[in-house]
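Visitor: Sharing final-v9.pdb here; it has PDB, C-alpha atoms.
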ATOM      1  CA  GLU A  20       8.431  -5.007 -12.982
ATOM      2  CA  LEU A  21       9.256  -2.685 -10.080
ATOM      3  CA  ASP A  22      11.784  -0.749 -12.168
ATOM      4  CA  ARG A  23       9.366  -0.464 -15.099
ATOM      5  CA  LEU A  24       6.507   0.751 -12.892
ATOM      6  CA  ALA A  25       8.808   3.201 -11.100
ATOM      7  CA  ALA A  26       9.999   4.635 -14.429
ATOM      8  CA  ASP A  27       6.432   4.889 -15.785
ATOM      9  CA  SER A  28       4.997   6.463 -12.614
ATOM     10  CA  ARG A  29       8.123   8.545 -11.807
ATOM     11  CA  GLU A  30       7.531   7.642  -8.143
ATOM     12  CA  LEU A  31       8.676   5.183  -5.494
ATOM     13  CA  VAL A  32       7.463   1.597  -5.968
ATOM     14  CA  ARG A  33       7.644  -0.962  -3.150
ATOM     15  CA  LEU A  34       6.954  -4.655  -2.918
ATOM     16  CA  SER A  35       5.924  -6.234   0.364
ATOM     17  CA  VAL A  36       5.442  -9.919   1.115
ATOM     18  CA  VAL A  37       3.205 -11.734   3.565
ATOM     19  CA  ASP A  38       5.241 -13.294   6.363
ATOM     20  CA  ASP A  39       2.937 -15.238   8.673
ATOM     21  CA  CYS A  40       0.697 -12.496  10.155
ATOM     22  CA  ASP A  41       2.836  -9.600   8.948
ATOM     23  CA  LEU A  42       3.457  -7.710   5.743
ATOM     24  CA  VAL A  43       7.158  -6.854   5.218
ATOM     25  CA  TRP A  44       8.708  -4.445   2.689
ATOM     26  CA  VAL A  45      11.341  -6.356   0.716
ATOM     27  CA  ALA A  46      12.068  -4.458  -2.515
ATOM     28  CA  VAL A  47      12.014  -0.897  -3.789
ATOM     29  CA  ALA A  48      12.541   1.013  -7.038
ATOM     30  CA  GLN A  49      12.784   4.804  -7.265
ATOM     31  CA  GLY A  50      11.318   6.472 -10.327
ATOM     32  CA  ALA A  51      11.612  10.119  -9.259
ATOM     33  CA  THR A  52      14.807  11.557 -10.701
ATOM     34  CA  GLY A  53      14.744  15.012  -9.145
ATOM     35  CA  GLY A  54      12.753  17.543  -7.197
ATOM     36  CA  LEU A  55      10.535  16.581  -4.302
ATOM     37  CA  ARG A  56      10.511  12.847  -3.809
ATOM     38  CA  TYR A  57       9.661  10.255  -1.206
ATOM     39  CA  ASP A  58      12.685   8.028  -0.666
ATOM     40  CA  PRO A  59      12.687   6.053   2.596
ATOM     41  CA  GLY A  60      16.061   4.464   3.059
ATOM     42  CA  ARG A  61      15.284   2.587   6.255
ATOM     43  CA  GLU A  62      12.064   0.741   5.421
ATOM     44  CA  GLN A  63      13.507  -2.406   3.820
ATOM     45  CA  GLY A  64      12.658  -5.316   6.085
ATOM     46  CA  VAL A  65      10.264  -3.200   8.146
ATOM     47  CA  VAL A  66       6.920  -4.710   9.118
ATOM     48  CA  VAL A  67       4.161  -2.630   7.523
ATOM     49  CA  HIS A  68       1.591  -1.030   9.833
ATOM     50  CA  LEU A  69      -1.550  -2.594   8.415
ATOM     51  CA  ALA A  70      -4.290  -0.060   9.152
ATOM     52  CA  SER A  71      -2.440   3.139   8.216
ATOM     53  CA  SER A  72      -0.526   2.059   5.099
ATOM     54  CA  ALA A  73      -1.814   1.537   1.581
ATOM     55  CA  GLY A  74      -0.132  -1.884   1.376
ATOM     56  CA  GLY A  75      -1.591  -2.966   4.683
ATOM     57  CA  THR A  76      -5.037  -1.800   3.646
ATOM     58  CA  ALA A  77      -4.712  -3.617   0.312
ATOM     59  CA  TRP A  78      -3.799  -6.843   2.089
ATOM     60  CA  LEU A  79      -6.570  -6.441   4.670
ATOM     61  CA  SER A  80      -9.054  -5.901   1.827
ATOM     62  CA  THR A  81      -8.401  -9.493   0.666
ATOM     63  CA  MET A  82      -9.652 -10.802   4.019
ATOM     64  CA  THR A  83     -13.112 -10.996   5.505
ATOM     65  CA  ASP A  84     -13.975  -8.052   7.750
ATOM     66  CA  GLU A  85     -13.608 -10.279  10.812
ATOM     67  CA  GLU A  86     -10.165 -11.546   9.723
ATOM     68  CA  ALA A  87      -9.032  -7.988   8.987
ATOM     69  CA  LEU A  88     -10.148  -6.707  12.395
ATOM     70  CA  MET A  89      -8.351  -9.572  14.095
ATOM     71  CA  ALA A  90      -5.150  -8.840  12.136
ATOM     72  CA  VAL A  91      -5.287  -5.152  13.106
ATOM     73  CA  SER A  92      -6.113  -5.876  16.752
ATOM     74  CA  ARG A  93      -2.444  -6.710  17.455
ATOM     75  CA  GLU A  94      -1.220  -3.218  16.541
ATOM     76  CA  GLY A  95      -4.276  -0.943  16.563
ATOM     77  CA  THR A  96      -5.485   1.426  13.874
ATOM     78  CA  ALA A  97      -3.155   4.370  14.596
ATOM     79  CA  ALA A  98       0.403   4.470  13.284
ATOM     80  CA  THR A  99       2.914   5.154  16.056
ATOM     81  CA  GLN A 100       6.248   5.400  14.223
ATOM     82  CA  PRO A 101       8.089   8.750  14.183
ATOM     83  CA  GLY A 102       6.588  11.096  11.577
ATOM     84  CA  ALA A 103       3.258   9.247  11.419
ATOM     85  CA  GLY A 104       0.419  11.216   9.886
ATOM     86  CA  GLY A 105      -2.881  11.712  11.648
ATOM     87  CA  ASN A 106      -5.148  10.631   8.810
ATOM     88  CA  GLY A 107      -5.324   6.918   9.642
ATOM     89  CA  PRO A 108      -8.543   5.077  10.475
ATOM     90  CA  LYS A 109     -10.332   6.418  13.548
ATOM     91  CA  GLY A 110     -11.469   2.997  14.731
ATOM     92  CA  ALA A 111     -12.953  -0.260  13.500
ATOM     93  CA  GLY A 112     -15.865   1.320  11.620
ATOM     94  CA  ASP A 113     -13.616   3.706   9.721
ATOM     95  CA  LEU A 114     -11.199   0.879   8.896
ATOM     96  CA  LEU A 115     -14.001  -1.318   7.551
ATOM     97  CA  ALA A 116     -15.249   1.581   5.393
ATOM     98  CA  ARG A 117     -11.739   1.999   3.951
ATOM     99  CA  LEU A 118     -11.529  -1.733   3.209
ATOM    100  CA  ALA A 119     -14.907  -1.654   1.453
ATOM    101  CA  GLN A 120     -13.749   1.307  -0.628
ATOM    102  CA  ALA A 121     -10.512  -0.484  -1.571
ATOM    103  CA  ARG A 122     -12.475  -3.557  -2.656
ATOM    104  CA  ARG A 123     -14.824  -1.444  -4.820
ATOM    105  CA  ARG A 124     -12.067   0.702  -6.320
ATOM    106  CA  GLY A 125      -9.584  -2.140  -6.903
ATOM    107  CA  PHE A 126      -6.763  -0.454  -4.953
ATOM    108  CA  ALA A 127      -6.139   0.909  -1.465
ATOM    109  CA  VAL A 128      -5.092   4.470  -0.613
ATOM    110  CA  ALA A 129      -3.331   6.072   2.339
ATOM    111  CA  THR A 130      -2.763   9.839   2.422
ATOM    112  CA  ASP A 131      -1.005  11.527   5.337
ATOM    113  CA  SER A 132      -1.700   8.377   7.301
ATOM    114  CA  TYR A 133       1.378   6.154   7.532
ATOM    115  CA  LEU A 134       3.642   9.211   7.257
ATOM    116  CA  ALA A 135       2.739  12.891   7.254
ATOM    117  CA  GLY A 136       3.227  14.374   3.779
ATOM    118  CA  MET A 137       3.161  11.003   1.992
ATOM    119  CA  ALA A 138       0.459   9.405  -0.117
ATOM    120  CA  ALA A 139       0.396   5.862  -1.472
ATOM    121  CA  MET A 140      -1.756   3.443  -3.385
ATOM    122  CA  ALA A 141      -1.449  -0.345  -3.331
ATOM    123  CA  VAL A 142      -2.873  -3.557  -4.691
ATOM    124  CA  PRO A 143      -2.477  -7.130  -3.498
ATOM    125  CA  VAL A 144      -0.104  -9.458  -5.315
ATOM    126  CA  ARG A 145      -1.931 -12.748  -5.657
ATOM    127  CA  ARG A 146      -0.678 -16.260  -6.234
ATOM    128  CA  GLY A 147      -0.974 -17.060  -9.925
ATOM    129  CA  GLY A 148      -1.754 -13.411 -10.784
ATOM    130  CA  THR A 149      -5.495 -14.083 -10.612
ATOM    131  CA  LEU A 150      -8.138 -12.036  -8.819
ATOM    132  CA  ASP A 151      -9.087 -14.964  -6.595
ATOM    133  CA  GLY A 152      -5.579 -16.254  -5.783
ATOM    134  CA  ALA A 153      -4.286 -16.027  -2.225
ATOM    135  CA  ALA A 154      -2.610 -12.704  -1.409
ATOM    136  CA  ILE A 155       1.146 -13.248  -1.096
ATOM    137  CA  GLY A 156       2.178  -9.598  -0.933
ATOM    138  CA  CYS A 157       1.347  -6.089  -2.060
ATOM    139  CA  LEU A 158       2.700  -3.660  -4.632
ATOM    140  CA  SER A 159       2.522   0.070  -3.942
ATOM    141  CA  ILE A 160       3.359   3.441  -5.424
ATOM    142  CA  ALA A 161       4.213   6.209  -2.949
ATOM    143  CA  ALA A 162       4.914   9.907  -3.419
ATOM    144  CA  PRO A 163       4.725  13.239  -1.638
ATOM    145  CA  SER A 164       1.021  13.894  -1.021
ATOM    146  CA  VAL A 165       1.203  17.372  -2.579
ATOM    147  CA  ARG A 166       1.356  15.793  -6.044
ATOM    148  CA  PHE A 167      -0.176  12.344  -5.568
ATOM    149  CA  ASP A 168      -3.887  13.070  -5.609
ATOM    150  CA  ALA A 169      -6.938  10.938  -6.393
ATOM    151  CA  ASP A 170      -6.882  11.712 -10.134
ATOM    152  CA  ARG A 171      -3.230  10.729 -10.463
ATOM    153  CA  MET A 172      -3.872   7.508  -8.543
ATOM    154  CA  GLU A 173      -6.817   6.640 -10.791
ATOM    155  CA  GLY A 174      -4.581   7.168 -13.805
ATOM    156  CA  LEU A 175      -1.863   4.878 -12.417
ATOM    157  CA  ALA A 176      -4.226   2.147 -11.171
ATOM    158  CA  PRO A 177      -4.213   0.049 -14.380
ATOM    159  CA  ALA A 178      -0.396  -0.004 -14.554
ATOM    160  CA  LEU A 179      -0.147  -0.900 -10.842
ATOM    161  CA  GLN A 180      -2.691  -3.706 -11.205
ATOM    162  CA  GLN A 181      -0.950  -5.048 -14.324
ATOM    163  CA  ALA A 182       2.457  -5.043 -12.611
ATOM    164  CA  ALA A 183       1.016  -6.913  -9.618
ATOM    165  CA  ALA A 184      -0.502  -9.517 -11.942
ATOM    166  CA  GLU A 185       2.873  -9.943 -13.689
ATOM    167  CA  ILE A 186       4.684 -10.444 -10.373
TER
END
Could you rewrite the structure in this file as structure tokens?

Guide:
Amino acid sequence: ELDRLAADSRELVRLSVVDDCDLVWVAVAQGATGGLRYDPGREQGVVVHLASSAGGTAWLSTMTDEEALMAVSREGTAATQPGAGGNGPKGAGDLLARLAQARRRGFAVATDSYLAGMAAMAVPVRRGGTLDGAAIGCLSIAAPSVRFDADRMEGLAPALQQAAAEI
């Protein structure tokens, strides 16, 4: 599924899994074959920063607002890794607004947030592939933000949601 989605989107696709209170990147497929591409070689096994990443936001959106705020309280809303972008949530209110938007839209977005120059979209992977199953991970598509805009994300949303349901 990751390889198929990567080929169809021509972008980087990552799978993360829930590990206790963390979300961890465990698999990746690269769909970009040339030109400008986002290709992080060191993120396998890395714990995802919840508030600033699309995958983290997608997972948080499956929780109640109170549960999400508690999960983020351990690490804060601002990404601190080298190269972090400055477009992450500016506090609890901003985070809750982003979670509400992800719930309405059906996918989460992070642009110039987790990393400067990178945009991503993500959906939860749920047990049994149903909309009400427990979230067991997240599936995301990431690309350089110069070409991964809102219209492109909207166009890829059905394929991303279908792949997550298949997983």

Visitor: At a cut-off of 10 Å, using only C-alpha atoms, what residues contact stretch 91-102 of chain A? Leave out same-chain residues fewer than 3 positions from it and give the result as a list in words.

Guide: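 Counting only the stated atoms, we get Cys40, Val67, His68, Leu69, Ala70, Ser71, Ser72, Gly75, Leu79, Glu86, Ala87, Leu88, Gly105, Asn106, Gly107, Pro108, Lys109, Gly110, Ala111, Asp113, Leu114, Asp131, Ser132, Tyr133, Leu134, Ala135 and Gly136 of chain A.
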
Visitor: How would you write, as JSON, numbers by chain, the residues chosen by the PyMOL selection byres ((chain A and resi 42) around 10) on this structure?

Guide: {"A": [34, 35, 36, 37, 38, 39, 40, 41, 43, 44, 45, 64, 65, 66, 67, 68, 69, 74, 75, 78, 155, 156, 157]}

Visitor: Next, dump the selected residues to file, keeping only C-alpha atoms, as a compact mmCIF listing (two decimals), in the coordinates of the input.

Guide:
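Saved file result.txt follows:
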# COMPACT_ATOMS: atom_id res chain seq x y z
CA LEU A 34 6.95 -4.66 -2.92
CA SER A 35 5.92 -6.23 0.36
CA VAL A 36 5.44 -9.92 1.12
CA VAL A 37 3.20 -11.73 3.56
CA ASP A 38 5.24 -13.29 6.36
CA ASP A 39 2.94 -15.24 8.67
CA CYS A 40 0.70 -12.50 10.15
CA ASP A 41 2.84 -9.60 8.95
CA VAL A 43 7.16 -6.85 5.22
CA TRP A 44 8.71 -4.44 2.69
CA VAL A 45 11.34 -6.36 0.72
CA GLY A 64 12.66 -5.32 6.08
CA VAL A 65 10.26 -3.20 8.15
CA VAL A 66 6.92 -4.71 9.12
CA VAL A 67 4.16 -2.63 7.52
CA HIS A 68 1.59 -1.03 9.83
CA LEU A 69 -1.55 -2.59 8.41
CA GLY A 74 -0.13 -1.88 1.38
CA GLY A 75 -1.59 -2.97 4.68
CA TRP A 78 -3.80 -6.84 2.09
CA ILE A 155 1.15 -13.25 -1.10
CA GLY A 156 2.18 -9.60 -0.93
CA CYS A 157 1.35 -6.09 -2.06

Visitor: Need to verify the contact set: A:Asp27, 9 Å, only C-alpha atoms, exclusion of same-chain residues closer than 4 positions in sequence. Can you return it as a PDB file with C-alpha atoms, keeping the file's coordinate frame?

Guide:
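The file below, result_4.pdb, is the result:
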ATOM      1  CA  ASP A  22      11.784  -0.749 -12.168  1.00  0.00           C
ATOM      2  CA  ARG A  23       9.366  -0.464 -15.099  1.00  0.00           C
ATOM      3  CA  GLY A  50      11.318   6.472 -10.327  1.00  0.00           C
ATOM      4  CA  LEU A 175      -1.863   4.878 -12.417  1.00  0.00           C
ATOM      5  CA  ALA A 178      -0.396  -0.004 -14.554  1.00  0.00           C
TER       6      ALA A 178
END

Visitor: A:Arg33, A:Ser80, A:Ala51, A:Ala153: which is nearest A:Gln120, counting all atoms listed in the file?

Guide: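 Nearest to A:Gln120: A:Ser80.
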
Visitor: Hey, can I get the axis-aligned box for stretch 80-97 of chain A? All listed atoms, 4 Å padding on each side, centre and edge lengths in Å to one decimal, as JSON.

Guide:
{"center_x": -7.6, "center_y": -3.6, "center_z": 9.1, "size_x": 20.8, "size_y": 23.9, "size_z": 24.8}

Visitor: Report the residues retrieved by the PyMOL selection byres ((chain A and resi 137) around 10) from the displayed file, expressed as a PyMOL selection string.

Guide: chain A and resi 56-57+103-104+129-136+138-139+161-167

Visitor: For the atom pair atom CA of A:Thr76 and atom CA of A:Arg145, what is the interatomic distance in Å to one decimal place?

Guide: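 According to the coordinates, atom CA of A:Thr76 and atom CA of A:Arg145 are separated by 14.7 Å.
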
Visitor: How many Å lie between atom CA of A:Ala48 and atom CA of A:Arg123, rounded to one decimal?

Guide: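 We find that atom CA of A:Ala48 and atom CA of A:Arg123 lie 27.6 Å from each other.
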
Visitor: Grab the atom CA of A:Gly112 to atom CA of A:Met172 distance for me, in Å with one decimal place.

Guide: 24.3 Å

Visitor: Can you list, as a PDB file with C-alpha atoms, in the coordinates of the input, every protein, DNA or RNA residue that comes within 9 Å of A:Glu20 when you count all atoms listed in the file, leaving out same-chain residues fewer than 4 positions away?

Guide:
ATOM      1  CA  LEU A  24       6.507   0.751 -12.892  1.00  0.00           C
ATOM      2  CA  ALA A  25       8.808   3.201 -11.100  1.00  0.00           C
ATOM      3  CA  ALA A 182       2.457  -5.043 -12.611  1.00  0.00           C
ATOM      4  CA  ALA A 183       1.016  -6.913  -9.618  1.00  0.00           C
ATOM      5  CA  GLU A 185       2.873  -9.943 -13.689  1.00  0.00           C
ATOM      6  CA  ILE A 186       4.684 -10.444 -10.373  1.00  0.00           C
TER       7      ILE A 186
END

Visitor: I need the residue nearest A:Val32 from this list: A:Thr81, A:Thr149, A:Ser159, A:Thr52. Use only C-alpha atoms for the distance.

Guide: A:Ser159

Visitor: Return the single residue from A:Arg117, A:Arg29, A:Arg124, A:Arg146 that is closest to A:Ala184, with distances computed using all atoms listed in the file.

Guide: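 The shortest atom-to-atom distance to A:Ala184 comes from A:Arg146.
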